[in-house]
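Worksheet: one structure, shown below.
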Amino acid sequence: MGDHEFLEYVAGLCRRDGCTGVRRVGGSAALGLVLTGRLPDGRTCVVRCGRETSADRFVDRGLLRGFHHAARAELGAEVTAFVALGALTKGARRFAAGRGLLVIDGDRLHAWSPGTPLYVLRERAAAA
């Protein structure tokens with residue numbers, strides 16, 4: 001699956017879970033491949049699809065920080081999410097937890113794909 005197919009796959013999952021106005025947008029290098037939309041509660045959500053972070057690579061704090069800040073500043077994100085095929089470093093996990101950034105790594109993506117709603121993944125991440 002290529003980058004754009006992966007982005008469309010994630011967009012389909014967002015739509016399935018009640019997000020509206022889901023669309024691909026361009027942006028800065030810090031944003032990468034992103035989707036914007038509205039969560040069912042009306043908040044603006046920006047989702048980065050980090051397919052380039054394969055299962056044998058790690059997502060580091062700097063990548064998450066750059067995306068999170070750019071999504072808020074450039075796109076007005078109220079909620080940010082990062083979908084990655086790779087695992088996170090400890091620093092990245094701490095950063096995400098401290099900022100309320102939802103990270104959907106390979107394990108969570110496998111849970112989300114067959115039907116676990118996005119809001120459940122967000123609640124589990126907040127509790128972790």
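Residues in the structure tokens are numbered from 1 in each chain, the chains being A, B, ... in the order shown, and ligands are numbered from 1 in the order shown.
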
Region 105-110 of chain A environment, 7 Å, only C-alpha atoms, sequence neighbours closer than 5 positions dropped, as a VMD selection string: chain A and resid 83 to 87

Pull the closest atom pair for each residue of region 30-120 of chain A that gets at most 9 Å from region 8-21 of chain A, along with the distance in Å to one decimal, counting only C-alpha atoms, ordering rows by chain and then ascending residue number, as JSON lines.
{"residue": "A:Leu35", "atom": "CA", "partner": "A:Ala11", "partner_atom": "CA", "distance": 7.1}
{"residue": "A:Thr36", "atom": "CA", "partner": "A:Gly21", "partner_atom": "CA", "distance": 7.5}
{"residue": "A:Gly37", "atom": "CA", "partner": "A:Gly21", "partner_atom": "CA", "distance": 4.9}
{"residue": "A:Arg38", "atom": "CA", "partner": "A:Thr20", "partner_atom": "CA", "distance": 5.2}
{"residue": "A:Leu39", "atom": "CA", "partner": "A:Cys19", "partner_atom": "CA", "distance": 4.7}
{"residue": "A:Pro40", "atom": "CA", "partner": "A:Gly18", "partner_atom": "CA", "distance": 5.6}
{"residue": "A:Asp41", "atom": "CA", "partner": "A:Cys19", "partner_atom": "CA", "distance": 9.0}
{"residue": "A:Gly42", "atom": "CA", "partner": "A:Cys19", "partner_atom": "CA", "distance": 8.7}
{"residue": "A:Cys45", "atom": "CA", "partner": "A:Cys19", "partner_atom": "CA", "distance": 8.8}
{"residue": "A:Val47", "atom": "CA", "partner": "A:Val10", "partner_atom": "CA", "distance": 8.8}
{"residue": "A:Cys49", "atom": "CA", "partner": "A:Val10", "partner_atom": "CA", "distance": 7.6}
{"residue": "A:Val83", "atom": "CA", "partner": "A:Val10", "partner_atom": "CA", "distance": 8.2}
{"residue": "A:Trp112", "atom": "CA", "partner": "A:Leu13", "partner_atom": "CA", "distance": 7.7}
{"residue": "A:Ser113", "atom": "CA", "partner": "A:Leu13", "partner_atom": "CA", "distance": 7.0}
{"residue": "A:Gly115", "atom": "CA", "partner": "A:Leu13", "partner_atom": "CA", "distance": 8.7}
{"residue": "A:Thr116", "atom": "CA", "partner": "A:Asp17", "partner_atom": "CA", "distance": 8.9}
{"residue": "A:Pro117", "atom": "CA", "partner": "A:Asp17", "partner_atom": "CA", "distance": 5.8}
{"residue": "A:Leu118", "atom": "CA", "partner": "A:Asp17", "partner_atom": "CA", "distance": 6.3}
{"residue": "A:Tyr119", "atom": "CA", "partner": "A:Asp17", "partner_atom": "CA", "distance": 8.1}

All strand (DSSP E or B) residues (DSSP, backbone) inside chain A, as a ChimeraX atom specification: /A:20-25,34-38,44-50,58-59,79-84,87-88,102-104

Proximity to Val46 (chain A) - best of A:Ala71, A:Val120, A:Met1, A:Ala92, only C-alpha atoms: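 Residue with the minimum atom-to-atom distance to Val46 (chain A): A:Ala71.
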
Tell me which protein, DNA and RNA residues are within 8 Å of Phe95 (chain A), counting only C-alpha atoms, leaving out same-chain ones fewer than 2 positions away, and put them as a short mmCIF file (atom, residue, chain, number, x, y, z; two decimals) with N, CA, C and O atoms, in the first residue's frame.
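What follows is the written file around_32.cif:
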data_model
loop_
_atom_site.label_atom_id
_atom_site.label_comp_id
_atom_site.auth_asym_id
_atom_site.auth_seq_id
_atom_site.Cartn_x
_atom_site.Cartn_y
_atom_site.Cartn_z
N ARG A 61 10.30 11.68 19.48
CA ARG A 61 9.63 12.84 20.07
C ARG A 61 9.62 14.03 19.12
O ARG A 61 8.63 14.75 19.01
N LEU A 64 6.82 13.83 16.51
CA LEU A 64 5.51 14.11 17.11
C LEU A 64 5.37 15.58 17.47
O LEU A 64 4.32 16.19 17.23
N ARG A 65 6.41 16.14 18.05
CA ARG A 65 6.36 17.55 18.46
C ARG A 65 6.14 18.46 17.26
O ARG A 65 5.29 19.34 17.29
N GLY A 91 10.51 8.70 24.86
CA GLY A 91 10.34 10.15 24.84
C GLY A 91 9.11 10.57 24.05
O GLY A 91 8.40 11.49 24.42
N ALA A 92 8.86 9.87 22.95
CA ALA A 92 7.68 10.18 22.14
C ALA A 92 6.40 9.84 22.91
O ALA A 92 5.44 10.61 22.88
N ARG A 93 6.40 8.73 23.61
CA ARG A 93 5.22 8.36 24.41
C ARG A 93 4.95 9.39 25.50
O ARG A 93 3.80 9.77 25.72
N ALA A 97 1.56 11.70 25.65
CA ALA A 97 0.71 11.65 26.84
C ALA A 97 0.56 13.03 27.47
O ALA A 97 -0.53 13.40 27.90
N GLY A 98 1.63 13.79 27.51
CA GLY A 98 1.59 15.11 28.13
C GLY A 98 0.84 16.15 27.32
O GLY A 98 0.44 17.18 27.86
N ARG A 99 0.63 15.90 26.04
CA ARG A 99 -0.04 16.89 25.17
C ARG A 99 -1.43 16.43 24.73
O ARG A 99 -2.09 17.14 23.99
#

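CA of Gly32 (chain A) sits 14.6 Å away from CA of Glu5 (chain A).
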
Expected answer as a PyMOL selection string: helix (DSSP H, G or I) residues in chain A: chain A and resi 3-16+61-75+90-99+106-112+118-127
